[in-house]
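This is input.tsv (TSV, C-alpha atoms).
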```tsv
chain	number	residue	atom	x	y	z
L	227	MET	CA	30.62	169.01	-60.52
L	228	THR	CA	30.59	167.69	-56.95
L	229	ILE	CA	28.73	169.26	-54.09
L	230	ASP	CA	30.39	172.30	-52.51
L	231	GLY	CA	29.80	174.48	-49.47
L	232	ASP	CA	27.49	176.86	-51.29
L	233	GLY	CA	25.28	173.97	-52.36
L	234	LEU	CA	25.07	172.71	-48.80
L	235	TYR	CA	24.09	176.15	-47.51
L	236	LEU	CA	21.43	176.42	-50.20
L	237	VAL	CA	19.92	173.05	-49.36
L	238	ALA	CA	20.05	173.75	-45.61
L	239	GLY	CA	18.39	177.15	-46.00
L	240	LEU	CA	15.62	175.82	-48.21
L	241	ALA	CA	15.04	172.88	-45.88
L	242	LEU	CA	14.59	175.12	-42.86
L	243	LEU	CA	12.33	177.57	-44.69
L	244	LEU	CA	10.13	174.91	-46.22
L	245	GLY	CA	10.05	172.99	-42.96
L	246	ALA	CA	8.58	175.99	-41.20
L	247	VAL	CA	5.88	176.56	-43.82
L	248	LEU	CA	4.87	173.28	-45.42
L	249	PRO	CA	3.37	171.40	-42.43
L	250	ARG	CA	0.79	174.17	-41.94
L	251	LEU	CA	0.01	174.39	-45.65
L	252	LEU	CA	-0.54	170.65	-45.94
L	253	ARG	CA	-2.56	170.15	-42.78
L	254	ARG	CA	-5.89	169.98	-44.65
L	255	TYR	CA	-4.70	167.87	-47.55
L	256	ALA	CA	-3.80	164.20	-48.05
L	257	VAL	CA	-0.23	165.18	-48.93
L	258	SER	CA	2.45	164.36	-46.39
L	259	ALA	CA	5.38	166.64	-45.73
L	260	PRO	CA	7.87	164.08	-47.19
L	261	ILE	CA	6.04	164.21	-50.53
L	262	ALA	CA	6.28	168.00	-50.55
L	263	PHE	CA	9.99	168.00	-49.67
L	264	LEU	CA	10.68	165.44	-52.37
L	265	GLY	CA	8.85	167.63	-54.86
L	266	ALA	CA	10.78	170.68	-53.67
L	267	GLY	CA	14.00	168.75	-54.22
L	268	LEU	CA	12.99	167.99	-57.80
L	269	LEU	CA	12.44	171.71	-58.41
L	270	LEU	CA	15.70	172.55	-56.67
L	271	GLY	CA	17.46	170.11	-58.99
L	272	LEU	CA	16.26	172.13	-61.96
L	273	ALA	CA	17.57	175.30	-60.34
L	274	VAL	CA	21.09	174.04	-59.57
L	275	GLY	CA	21.54	172.83	-63.14
L	276	ASP	CA	24.50	170.55	-63.81
L	277	ARG	CA	25.70	170.23	-60.21
L	278	GLU	CA	26.27	166.59	-59.32
L	279	LEU	CA	24.31	166.35	-56.05
L	280	SER	CA	24.16	162.56	-56.16
L	281	PRO	CA	24.86	159.64	-53.81
L	282	LEU	CA	26.95	158.13	-56.59
L	283	ALA	CA	29.21	161.19	-56.63
L	284	GLU	CA	29.21	161.77	-52.86
L	285	PRO	CA	28.83	158.39	-51.12
L	286	GLU	CA	30.53	159.52	-47.89
L	287	ILE	CA	28.34	162.61	-47.47
L	288	THR	CA	25.29	160.50	-48.29
L	289	LYS	CA	26.29	157.83	-45.79
L	290	HIS	CA	26.97	160.18	-42.89
L	291	LEU	CA	23.93	162.39	-43.45
L	292	ALA	CA	21.63	159.37	-43.66
L	293	GLU	CA	23.38	157.76	-40.68
L	294	LEU	CA	22.91	160.84	-38.50
L	295	THR	CA	19.28	161.18	-39.56
L	296	VAL	CA	18.53	157.55	-38.71
L	297	ILE	CA	20.14	157.54	-35.26
L	298	VAL	CA	18.40	160.79	-34.31
L	299	ALA	CA	15.09	159.28	-35.46
L	300	LEU	CA	15.78	156.09	-33.50
L	301	MET	CA	16.31	158.09	-30.33
L	302	GLY	CA	13.05	159.90	-31.03
L	303	VAL	CA	10.93	156.77	-31.52
L	304	GLY	CA	12.52	155.09	-28.51
L	305	LEU	CA	11.63	158.04	-26.30
L	306	ALA	CA	8.10	158.10	-27.76
L	307	ILE	CA	7.17	154.53	-26.80
L	308	ASP	CA	5.38	154.21	-23.48
L	309	ARG	CA	5.03	150.43	-23.40
L	310	PRO	CA	7.77	148.57	-21.49
L	311	ILE	CA	9.58	146.02	-23.63
L	312	SER	CA	8.46	142.42	-23.04
L	313	LEU	CA	7.92	139.16	-24.89
L	314	LEU	CA	4.14	139.25	-24.59
L	315	GLN	CA	3.35	142.96	-24.94
L	316	TRP	CA	5.62	143.22	-27.97
L	317	SER	CA	4.45	139.99	-29.62
L	318	VAL	CA	3.29	141.73	-32.80
L	319	THR	CA	6.66	143.48	-33.08
L	320	TRP	CA	8.60	140.21	-32.73
L	321	ARG	CA	6.57	138.67	-35.54
L	322	LEU	CA	7.26	141.60	-37.84
L	323	LEU	CA	10.97	141.50	-37.02
L	324	PHE	CA	11.76	137.80	-36.95
L	325	VAL	CA	9.16	136.39	-39.35
L	326	ALA	CA	8.06	139.10	-41.77
L	327	MET	CA	11.43	140.76	-42.38
L	328	PRO	CA	13.49	137.61	-43.13
L	329	ALA	CA	10.64	136.17	-45.20
L	330	GLY	CA	10.36	139.43	-47.15
L	331	VAL	CA	14.10	139.51	-47.84
L	332	ALA	CA	14.03	135.88	-49.00
L	333	ALA	CA	11.02	136.49	-51.25
L	334	LEU	CA	12.48	139.65	-52.80
L	335	THR	CA	15.85	137.95	-53.29
L	336	GLY	CA	14.05	135.19	-55.16
L	337	VAL	CA	12.27	137.76	-57.31
L	338	GLY	CA	15.59	139.41	-58.15
L	339	TRP	CA	17.19	136.09	-59.02
L	340	LEU	CA	14.27	135.20	-61.31
L	341	LEU	CA	14.65	138.60	-62.99
L	342	GLY	CA	18.26	137.79	-63.86
L	343	LEU	CA	20.26	139.36	-61.01
L	344	ALA	CA	23.36	137.75	-59.57
L	345	PRO	CA	22.61	136.12	-56.18
L	346	ALA	CA	24.68	138.63	-54.17
L	347	THR	CA	23.11	141.61	-55.96
L	348	ALA	CA	19.61	140.21	-55.53
L	349	LEU	CA	20.23	139.70	-51.80
L	350	LEU	CA	21.76	143.15	-51.41
L	351	ILE	CA	18.85	145.07	-52.93
L	352	ALA	CA	16.41	142.99	-50.87
L	353	ALA	CA	18.42	143.55	-47.67
L	354	VAL	CA	18.95	147.31	-48.03
L	355	LEU	CA	15.21	147.69	-48.69
L	356	ALA	CA	14.30	145.48	-45.71
L	357	PRO	CA	14.16	148.03	-42.85
L	358	THR	CA	11.01	150.07	-42.41
L	359	ASP	CA	11.88	153.66	-41.79
L	360	PRO	CA	11.76	155.47	-38.42
L	361	VAL	CA	12.33	158.74	-40.28
L	362	LEU	CA	9.57	158.97	-42.90
L	363	ALA	CA	6.85	157.04	-41.07
L	364	SER	CA	5.83	159.68	-38.53
L	365	ASP	CA	2.25	159.77	-39.84
L	366	VAL	CA	1.70	156.15	-38.75
L	367	GLN	CA	3.73	156.13	-35.52
L	368	VAL	CA	2.94	156.92	-31.89
L	369	GLY	CA	2.75	160.62	-31.17
L	370	GLY	CA	5.17	160.91	-28.27
L	371	PRO	CA	5.70	160.03	-24.61
L	372	THR	CA	2.76	160.23	-22.24
L	373	THR	CA	3.78	161.99	-19.03
L	374	GLY	CA	2.16	163.29	-15.86
L	375	GLU	CA	0.95	161.67	-12.65
L	376	GLU	CA	-2.43	160.66	-14.07
L	377	ALA	CA	-1.07	159.43	-17.41
L	378	GLU	CA	-1.97	156.03	-18.79
L	379	LEU	CA	1.36	154.83	-20.14
L	380	ASP	CA	0.36	151.84	-22.26
L	381	GLU	CA	-0.53	152.70	-25.88
L	382	ASP	CA	-3.98	151.57	-26.94
L	383	ASP	CA	-3.28	151.96	-30.67
L	384	GLU	CA	-1.77	148.63	-31.67
L	385	VAL	CA	-1.13	149.66	-35.27
L	386	ARG	CA	0.89	152.75	-34.37
L	387	PHE	CA	2.75	150.88	-31.65
L	388	ALA	CA	3.61	147.96	-33.94
L	389	LEU	CA	4.89	150.18	-36.74
L	390	THR	CA	6.90	152.36	-34.35
L	391	SER	CA	8.56	149.52	-32.47
L	392	GLU	CA	9.25	147.62	-35.70
L	393	ALA	CA	10.92	150.66	-37.26
L	394	GLY	CA	12.99	151.17	-34.12
L	395	LEU	CA	14.60	147.74	-34.24
L	396	ASN	CA	14.68	146.54	-37.82
L	397	ASP	CA	17.17	149.19	-38.93
L	398	GLY	CA	19.82	147.41	-36.91
L	399	LEU	CA	18.52	143.89	-37.50
L	400	ALA	CA	18.76	144.37	-41.27
L	401	ALA	CA	22.54	144.84	-41.02
L	402	PRO	CA	23.48	141.11	-40.90
L	403	LEU	CA	21.52	140.52	-44.10
L	404	VAL	CA	23.24	143.45	-45.82
L	405	TYR	CA	26.66	142.14	-44.77
L	406	LEU	CA	25.71	138.63	-45.87
L	407	ALA	CA	25.30	139.99	-49.40
L	408	VAL	CA	28.74	141.61	-49.14
L	409	PHE	CA	30.28	138.36	-47.91
L	410	ILE	CA	28.73	136.39	-50.76
L	411	ALA	CA	30.09	138.92	-53.26
L	412	THR	CA	33.59	139.08	-51.73
L	413	LYS	CA	33.83	135.60	-50.13
L	414	SER	CA	35.45	137.29	-47.13
L	415	LEU	CA	33.89	135.21	-44.34
L	416	SER	CA	32.59	131.72	-43.74
L	417	PRO	CA	28.89	131.16	-42.91
L	418	VAL	CA	29.81	130.18	-39.34
L	419	GLU	CA	31.81	133.38	-38.84
L	420	TRP	CA	28.96	135.45	-40.25
L	421	LEU	CA	26.41	133.77	-37.97
L	422	ALA	CA	28.55	133.97	-34.84
L	423	TRP	CA	29.81	137.54	-35.26
L	424	ASP	CA	27.53	139.51	-37.58
L	425	VAL	CA	24.24	137.98	-36.45
L	426	VAL	CA	24.91	137.26	-32.77
L	427	GLY	CA	28.04	139.07	-31.59
L	428	LYS	CA	27.37	142.55	-32.95
L	429	SER	CA	23.71	142.40	-31.90
L	430	VAL	CA	24.64	141.44	-28.33
L	431	ILE	CA	27.12	144.32	-28.15
L	432	GLY	CA	24.46	146.73	-29.41
L	433	VAL	CA	21.88	145.59	-26.85
L	434	ALA	CA	24.41	145.57	-24.00
L	435	VAL	CA	25.79	149.03	-24.71
L	436	GLY	CA	22.33	150.46	-25.25
L	437	PHE	CA	20.93	149.02	-22.04
L	438	GLY	CA	23.98	149.95	-19.97
L	439	ALA	CA	24.19	153.51	-21.25
L	440	GLY	CA	20.45	154.05	-20.98
L	441	TRP	CA	20.34	152.74	-17.41
L	442	LEU	CA	23.35	154.80	-16.32
L	443	LEU	CA	22.09	158.02	-17.91
L	444	GLY	CA	18.59	157.39	-16.59
L	445	ARG	CA	19.91	157.09	-13.04
L	446	MET	CA	22.06	160.18	-13.47
L	447	THR	CA	19.28	162.22	-15.07
L	448	PHE	CA	16.50	161.50	-12.58
L	449	SER	CA	18.06	160.29	-9.34
L	450	ALA	CA	21.70	161.40	-9.10
L	451	PRO	CA	22.63	162.33	-5.50
L	452	SER	CA	24.07	165.65	-6.66
L	453	ARG	CA	21.76	168.18	-8.32
L	454	THR	CA	24.69	169.14	-10.57
L	455	PHE	CA	24.36	165.82	-12.43
L	456	ARG	CA	20.57	165.56	-12.19
L	457	LEU	CA	19.80	166.76	-15.71
L	458	ALA	CA	16.04	166.49	-15.25
L	459	ASP	CA	16.26	169.31	-12.73
L	460	SER	CA	18.44	171.50	-14.92
L	461	ARG	CA	16.19	170.88	-17.96
L	462	GLU	CA	18.96	170.15	-20.46
L	463	PRO	CA	17.26	168.43	-23.41
L	464	VAL	CA	20.58	168.33	-25.27
L	465	LEU	CA	21.04	165.13	-23.24
L	466	ALA	CA	19.05	163.36	-25.97
L	467	LEU	CA	21.54	164.37	-28.67
L	468	ALA	CA	24.57	163.70	-26.46
L	469	MET	CA	23.20	160.25	-25.66
L	470	THR	CA	22.44	159.54	-29.32
L	471	LEU	CA	25.92	160.40	-30.54
L	472	GLY	CA	27.76	158.93	-27.56
L	473	VAL	CA	25.95	155.60	-27.53
L	474	TYR	CA	26.21	155.20	-31.29
L	475	GLY	CA	29.88	156.13	-31.36
L	476	LEU	CA	30.79	153.81	-28.47
L	477	THR	CA	28.94	150.89	-30.02
L	478	GLN	CA	30.57	151.41	-33.41
L	479	VAL	CA	34.02	151.60	-31.77
L	480	LEU	CA	33.26	148.25	-30.11
L	481	HIS	CA	32.14	146.89	-33.51
L	482	GLY	CA	28.53	146.41	-32.47
L	483	TYR	CA	25.34	147.55	-34.15
L	484	GLY	CA	24.91	151.20	-33.24
L	485	PHE	CA	21.34	151.43	-34.57
L	486	ILE	CA	20.22	148.76	-32.11
L	487	ALA	CA	22.14	150.40	-29.26
L	488	VAL	CA	20.58	153.84	-29.77
L	489	PHE	CA	17.03	152.49	-29.80
L	490	VAL	CA	17.61	150.25	-26.75
L	491	ALA	CA	19.23	153.16	-24.89
L	492	ALA	CA	16.22	155.37	-25.63
L	493	LEU	CA	13.80	152.68	-24.39
L	494	THR	CA	15.87	152.19	-21.24
L	495	LEU	CA	16.02	155.92	-20.52
L	496	ARG	CA	12.26	156.09	-21.11
L	497	SER	CA	11.75	153.40	-18.46
L	498	ALA	CA	13.35	155.63	-15.80
L	499	GLU	CA	10.75	157.82	-14.05
L	500	ARG	CA	8.22	157.20	-16.84
L	501	ARG	CA	5.79	159.93	-15.79
L	502	HIS	CA	8.42	162.68	-15.53
L	503	ASP	CA	7.68	165.46	-18.03
L	504	PHE	CA	11.39	165.76	-18.90
L	505	HIS	CA	10.83	162.82	-21.27
L	506	GLU	CA	8.53	165.03	-23.32
L	507	GLU	CA	11.14	167.79	-23.49
L	508	LEU	CA	13.79	165.31	-24.64
L	509	HIS	CA	11.46	163.93	-27.31
L	510	ASP	CA	10.49	167.39	-28.57
L	511	PHE	CA	14.12	168.49	-28.83
L	512	ILE	CA	15.23	165.40	-30.75
L	513	GLY	CA	12.11	165.62	-32.91
L	514	GLU	CA	12.98	169.11	-34.12
L	515	LEU	CA	16.48	167.99	-35.06
L	516	GLU	CA	15.08	164.94	-36.82
L	517	HIS	CA	12.76	167.13	-38.91
L	518	ILE	CA	15.60	169.36	-40.04
L	519	LEU	CA	17.76	166.40	-41.07
L	520	THR	CA	14.86	164.70	-42.83
L	521	TRP	CA	14.08	167.80	-44.87
L	522	GLY	CA	17.68	167.95	-46.06
L	523	VAL	CA	17.81	164.26	-47.02
L	524	LEU	CA	14.58	164.46	-49.02
L	525	LEU	CA	15.60	167.64	-50.78
L	526	LEU	CA	18.91	166.05	-51.77
L	527	LEU	CA	17.12	162.92	-52.97
L	528	GLY	CA	14.85	165.05	-55.14
L	529	VAL	CA	17.86	166.92	-56.55
L	530	ALA	CA	19.60	163.62	-57.33
L	531	ILE	CA	16.52	162.32	-59.15
L	532	THR	CA	16.33	165.46	-61.27
L	533	GLY	CA	20.04	165.00	-62.02
L	534	GLY	CA	19.51	161.51	-63.41
L	535	LEU	CA	19.58	159.10	-60.47
L	536	LEU	CA	16.75	157.05	-61.99
L	537	ARG	CA	18.22	156.96	-65.49
L	538	PRO	CA	19.76	153.46	-65.08
L	539	LEU	CA	16.42	152.05	-63.82
L	540	THR	CA	15.38	148.92	-65.71
L	541	PRO	CA	12.02	147.12	-65.86
L	542	ALA	CA	13.49	144.59	-63.42
L	543	GLY	CA	14.35	147.35	-60.92
L	544	ALA	CA	10.93	148.92	-61.22
L	545	ALA	CA	9.31	145.51	-60.76
L	546	ILE	CA	11.31	144.92	-57.58
L	547	GLY	CA	10.16	148.25	-56.12
L	548	VAL	CA	6.50	147.76	-57.04
L	549	LEU	CA	6.41	144.17	-55.81
L	550	LEU	CA	8.05	145.08	-52.50
L	551	VAL	CA	5.69	147.96	-51.70
L	552	LEU	CA	2.45	146.47	-53.04
L	553	VAL	CA	2.85	142.70	-52.70
L	554	VAL	CA	5.82	141.31	-50.76
L	555	ARG	CA	5.73	143.46	-47.63
L	556	PRO	CA	1.91	143.48	-47.26
L	557	LEU	CA	1.64	139.73	-47.87
L	558	VAL	CA	4.44	138.47	-45.63
L	559	ALA	CA	3.50	140.87	-42.83
L	560	TRP	CA	-0.18	139.89	-43.12
L	561	LEU	CA	0.71	136.20	-42.84
L	562	SER	CA	3.12	136.80	-39.96
L	563	LEU	CA	0.40	138.55	-37.95
L	564	ALA	CA	-2.05	135.65	-38.06
L	565	ARG	CA	-3.71	134.88	-34.71
L	566	THR	CA	-2.64	138.10	-33.03
L	567	GLU	CA	-4.83	140.58	-31.16
L	568	LEU	CA	-5.11	142.75	-34.28
L	569	ASP	CA	-8.45	142.68	-36.06
L	570	ARG	CA	-8.67	142.39	-39.85
L	571	SER	CA	-8.44	146.13	-40.62
L	572	GLU	CA	-5.60	146.69	-38.15
L	573	ARG	CA	-3.72	143.72	-39.53
L	574	TRP	CA	-3.95	145.01	-43.09
L	575	ALA	CA	-2.89	148.52	-42.07
L	576	THR	CA	0.12	147.22	-40.14
L	577	ALA	CA	1.12	145.02	-43.04
L	578	ALA	CA	0.73	147.75	-45.66
L	579	PHE	CA	2.64	150.61	-44.01
L	580	GLY	CA	6.21	149.38	-44.30
L	581	VAL	CA	7.67	152.74	-45.33
L	582	ARG	CA	11.06	152.62	-47.09
L	583	GLY	CA	13.48	155.50	-46.82
L	584	VAL	CA	16.58	156.91	-45.18
L	585	SER	CA	17.91	153.74	-43.55
L	586	SER	CA	17.98	152.06	-46.97
L	587	ILE	CA	19.95	155.00	-48.34
L	588	TYR	CA	22.47	154.61	-45.51
L	589	TYR	CA	23.07	150.92	-46.10
L	590	LEU	CA	23.60	151.23	-49.85
L	591	ALA	CA	25.97	154.17	-49.35
L	592	ALA	CA	27.88	152.17	-46.73
L	593	VAL	CA	28.45	148.98	-48.76
L	594	GLY	CA	27.89	150.06	-52.35
L	595	ALA	CA	31.64	150.14	-53.13
L	596	HIS	CA	31.61	146.32	-53.15
L	597	PHE	CA	29.11	146.34	-56.05
L	598	ARG	CA	30.62	148.96	-58.35
L	599	SER	CA	29.44	147.45	-61.61
L	600	ASP	CA	25.83	147.34	-60.40
L	601	LEU	CA	25.91	150.54	-58.34
L	602	PRO	CA	24.06	152.90	-60.75
L	603	TRP	CA	21.29	150.32	-61.13
L	604	LEU	CA	21.15	149.72	-57.36
L	605	TRP	CA	20.77	153.45	-56.65
L	606	ALA	CA	18.15	153.81	-59.36
L	607	THR	CA	16.14	150.89	-57.97
L	608	LEU	CA	16.44	152.15	-54.41
L	609	GLY	CA	15.51	155.72	-55.42
L	610	PHE	CA	12.47	154.50	-57.33
L	611	THR	CA	11.31	152.34	-54.42
L	612	VAL	CA	11.74	155.12	-51.85
L	613	VAL	CA	9.83	157.59	-54.03
L	614	LEU	CA	7.05	155.04	-54.60
L	615	SER	CA	6.83	154.36	-50.87
L	616	VAL	CA	6.89	158.04	-49.90
L	617	VAL	CA	4.11	158.88	-52.35
L	618	LEU	CA	1.80	155.89	-51.81
L	619	HIS	CA	2.20	155.68	-48.04
L	620	GLY	CA	2.18	159.46	-47.68
L	621	VAL	CA	-1.16	159.77	-49.49
L	622	ALA	CA	-2.74	156.77	-47.73
L	623	ALA	CA	-1.51	157.34	-44.16
L	624	THR	CA	-3.87	160.11	-43.06
L	625	PRO	CA	-7.17	158.62	-44.32
L	626	VAL	CA	-6.31	155.07	-43.21
L	627	MET	CA	-5.24	156.07	-39.70
L	628	ARG	CA	-8.24	158.39	-39.40
L	629	PHE	CA	-10.54	155.51	-40.39
L	630	LEU	CA	-9.01	153.21	-37.77
L	631	GLU	CA	-9.28	155.87	-35.06
L	632	GLN	CA	-12.92	156.66	-35.86
L	633	ARG	CA	-13.81	152.98	-35.96
L	634	SER	CA	-12.30	152.43	-32.51
L	635	GLN	CA	-14.28	155.28	-30.89
L	636	PRO	CA	-17.36	154.21	-28.95
L	637	VAL	CA	-20.70	154.99	-30.60
L	638	GLY	CA	-22.80	157.64	-28.87
```

File written out as C-alpha cells:
Amino acid sequence: MTIDGDGLYLVAGLALLLGAVLPRLLRRYAVSAPIAFLGAGLLLGLAVGDRELSPLAEPEITKHLAELTVIVALMGVGLAIDRPISLLQWSVTWRLLFVAMPAGVAALTGVGWLLGLAPATALLIAAVLAPTDPVLASDVQVGGPTTGEEAELDEDDEVRFALTSEAGLNDGLAAPLVYLAVFIATKSLSPVEWLAWDVVGKSVIGVAVGFGAGWLLGRMTFSAPSRTFRLADSREPVLALAMTLGVYGLTQVLHGYGFIAVFVAALTLRSAERRHDFHEELHDFIGELEHILTWGVLLLLGVAITGGLLRPLTPAGAAIGVLLVLVVRPLVAWLSLARTELDRSERWATAAFGVRGVSSIYYLAAVGAHFRSDLPWLWATLGFTVVLSVVLHGVAATPVMRFLEQRSQPVG
C-alpha cells in the first residue's frame, strides 16, 4: 500500500511531538537526536504494519521532501557562518571540496568496481554518498551567527567552521559527479558537454543567482530607502524561507545548481550588516523549520527500514558503507588537510566527521529511475550507510567536540 494522507499526518504529528521532547531527554547522554528519531521511525514502522512507506514506492515524495529539507538546511548554515568567504580564510574548506571529495568518489568507485559493480553503478553510489550533510551534522557545526556591536565575527573553532562550510557547498558540487554516472549509464552526453555544462555552466549560474539575490535582498532588508521594504525594521523572519524557495526555484528554472545558489545567497545576505541582530532571528526561524523537516525525514527512513529497505543489502553494499565511513572519508580528508593550520587532533576530527544523510537521499531519488535494475540494492546500500553514519557520528560527536573545546581552553 502506498503512503496516504493519514500516514503523512501520523508521521508529522509524531515528528513534532518527539521533536519537542527528545532534545531535552537526550541532553545528558551521548545519543544524538537523529539517532532517537531513527529509532522512533523503526518503532513506527512496526505500528503501521504493511504500509509501503518507502523511497522505492514513493520516489517523488522522497525527492521533494529531501530537497526541501536540504535547501532549508543550506540557508541555515549559510546564515550561521560569520567568516567572510575568501581564498585564504577558507583554505581548509577548498581542500575538502576540491581534493578530498573527488578523491573519495574516485576511491569508492574503484572499491565498487573491484566488488563487481558496473562502472556507472559504482560511480553513482560513490557520487550520491559524496556530500557531507548540512542537515544531520548540527552537533559538529557552528552554533549560529554572532551579532551585536561588540561581537567578534570570525569563528575561532576551525573544526566546526570547516565542517559547516564544507557541508554548505558540497551538496551542490556533488551534482556533476552524480550526473556523470547517469551519462555513463545512458550515453546521453559527450565528456566535453558534461564538463562545459554540468561542471562549469550550472555551477556558474548557481553562484551568480545566489550572489545577485543575496546582495539585492541584503540591500532591501537593511538599507532600503523606504521603511516598507526594510524587512529588518519590520522583523519578518519569513524572509529566510521566501529567499530559500525563491532563489532555489529561480536557479532551477535557469538550469543551474540550486543547492549552490541557496548557500551563496545565505552567505551574501549574512555579509550585509553583519552585526545586525536580525540575522539571528532569520537563523532561528529557519532552524526551527529545518528541525521539523529533519524529524520527518528520519522517521520515514526508520519506517522504510522496518518495511524492508535493507533487505536487498549485499556484503558488497555493506562493505562500501563501512569503508566510506571508517576508511575512505577519514583517509582522503586527512591527506587533503596536510600542512594546514589544523593541529593533529583537529585534523583527525575534521576528517572523521563526514556525516552522510538527507542530501544523498535526494540525489538517489532524483536519478534512481535510470538504474532500475540496481535500484533496490542502491537504496539498501544508501540506507545502511546513512544509518551507520548517523549512529557512529551521533555517538562520537559530543565527546569529541567537548574534548577539542576543553583542550583549547587556557589552563588556569

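Minimum distance to L:Leu561 across L:Gly302, L:Gly330, L:Gly609, L:Gly547 (counting all atoms listed in the file) occurs at L:Gly330.
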
Could you give me, as an mmCIF file with C-alpha atoms, keeping the file's coordinate frame, the residues within 7 Å of L:Ala591, counting all atoms listed in the file and dropping anything in the same chain fewer than 4 positions from it?
```
data_model
loop_
_atom_site.group_PDB
_atom_site.id
_atom_site.type_symbol
_atom_site.label_atom_id
_atom_site.label_comp_id
_atom_site.auth_asym_id
_atom_site.auth_seq_id
_atom_site.Cartn_x
_atom_site.Cartn_y
_atom_site.Cartn_z
ATOM 1 C CA PRO L 285 28.830 158.390 -51.120
ATOM 2 C CA THR L 288 25.290 160.500 -48.290
ATOM 3 C CA LYS L 289 26.290 157.830 -45.790
ATOM 4 C CA ILE L 587 19.950 155.000 -48.340
#
```

Do you know which residues are at most 9 Å from L:Val529 counting only C-alpha atoms, after dropping those on the same chain fewer than 3 positions away, and could you put them as a PyMOL selection string?
chain L and resi 264+266-272+274+278-280+524-526+532-535

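Distances here use all atoms listed in the file; by that measure, the residue among L:Leu604, L:Val354, L:Leu421, L:Ala332 closest to L:Leu539 is L:Leu604.
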
L:Arg386 environment, 6 Å, all atoms listed in the file, sequence neighbours closer than 3 positions dropped, as a list of chain:residue names:
L:Val366, L:Gln367, L:Val368, L:Asp383, L:Leu389

Counting only C-alpha atoms, figure out which residue out of L:Ala411, L:Leu480, L:Val488, L:Leu495 gets nearest to L:Ala458.
L:Leu495

Pick out the closest residue to L:Pro328 from this set: L:Lys428, L:Arg633, L:Arg565, L:Arg555. Count only C-alpha atoms.
L:Arg555

Contact residues around L:Gly594 with only C-alpha atoms at 10 Å, ignoring same-chain residues under 2 positions, as a PDB file with C-alpha atoms, keeping the file's coordinate frame:
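Saved as selection.pdb:
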```pdb
ATOM      1  CA  LEU L 282      26.950 158.130 -56.590  1.00  0.00           C
ATOM      2  CA  PRO L 285      28.830 158.390 -51.120  1.00  0.00           C
ATOM      3  CA  LEU L 350      21.760 143.150 -51.410  1.00  0.00           C
ATOM      4  CA  VAL L 408      28.740 141.610 -49.140  1.00  0.00           C
ATOM      5  CA  TYR L 588      22.470 154.610 -45.510  1.00  0.00           C
ATOM      6  CA  TYR L 589      23.070 150.920 -46.100  1.00  0.00           C
ATOM      7  CA  LEU L 590      23.600 151.230 -49.850  1.00  0.00           C
ATOM      8  CA  ALA L 591      25.970 154.170 -49.350  1.00  0.00           C
ATOM      9  CA  ALA L 592      27.880 152.170 -46.730  1.00  0.00           C
ATOM     10  CA  HIS L 596      31.610 146.320 -53.150  1.00  0.00           C
ATOM     11  CA  PHE L 597      29.110 146.340 -56.050  1.00  0.00           C
ATOM     12  CA  ARG L 598      30.620 148.960 -58.350  1.00  0.00           C
ATOM     13  CA  SER L 599      29.440 147.450 -61.610  1.00  0.00           C
ATOM     14  CA  ASP L 600      25.830 147.340 -60.400  1.00  0.00           C
ATOM     15  CA  LEU L 601      25.910 150.540 -58.340  1.00  0.00           C
ATOM     16  CA  PRO L 602      24.060 152.900 -60.750  1.00  0.00           C
ATOM     17  CA  LEU L 604      21.150 149.720 -57.360  1.00  0.00           C
ATOM     18  CA  TRP L 605      20.770 153.450 -56.650  1.00  0.00           C
TER      19      TRP L 605
END
```

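The space between atom CA of L:Leu291 and atom CA of L:Val435 spans 23.1 Å.
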
Calculate how many Å separate atom CA of L:Val337 from atom CA of L:Ile546, rounding to one decimal.
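Answer for the atom CA of L:Val337 to atom CA of L:Ile546 separation: 7.2 Å.
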
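Nearest to L:Gly580 of all the residues L:Ala439, L:Leu251, L:Ala333, L:Val385 is L:Val385, counting only C-alpha atoms.
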
Neighbouring residues of L:Ser562 were defined as those with any atom within 10 Å, considering all atoms listed in the file; residues of the same chain fewer than 5 positions away were excluded. Please report them as a PyMOL selection string.
chain L and resi 318+320-327+329+556-557+573+577

Between L:Ala595, L:Val490, L:Val523, L:Ala564, which residue has the minimum interatomic distance to L:Met301, considering all atoms listed in the file?
L:Val490

Counting all atoms listed in the file, write as a PDB file with C-alpha atoms, in the coordinates of the input all protein and nucleic acid residues lying at most 9 Å from (29.4, 144.8, -29.7) in the file's frame.
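Written file, result-v2.pdb:
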```pdb
ATOM      1  CA  GLY L 427      28.040 139.070 -31.590  1.00  0.00           C
ATOM      2  CA  LYS L 428      27.370 142.550 -32.950  1.00  0.00           C
ATOM      3  CA  SER L 429      23.710 142.400 -31.900  1.00  0.00           C
ATOM      4  CA  VAL L 430      24.640 141.440 -28.330  1.00  0.00           C
ATOM      5  CA  ILE L 431      27.120 144.320 -28.150  1.00  0.00           C
ATOM      6  CA  GLY L 432      24.460 146.730 -29.410  1.00  0.00           C
ATOM      7  CA  VAL L 433      21.880 145.590 -26.850  1.00  0.00           C
ATOM      8  CA  ALA L 434      24.410 145.570 -24.000  1.00  0.00           C
ATOM      9  CA  VAL L 435      25.790 149.030 -24.710  1.00  0.00           C
ATOM     10  CA  THR L 477      28.940 150.890 -30.020  1.00  0.00           C
ATOM     11  CA  GLN L 478      30.570 151.410 -33.410  1.00  0.00           C
ATOM     12  CA  VAL L 479      34.020 151.600 -31.770  1.00  0.00           C
ATOM     13  CA  LEU L 480      33.260 148.250 -30.110  1.00  0.00           C
ATOM     14  CA  HIS L 481      32.140 146.890 -33.510  1.00  0.00           C
ATOM     15  CA  GLY L 482      28.530 146.410 -32.470  1.00  0.00           C
ATOM     16  CA  TYR L 483      25.340 147.550 -34.150  1.00  0.00           C
ATOM     17  CA  GLY L 484      24.910 151.200 -33.240  1.00  0.00           C
TER      18      GLY L 484
END
```
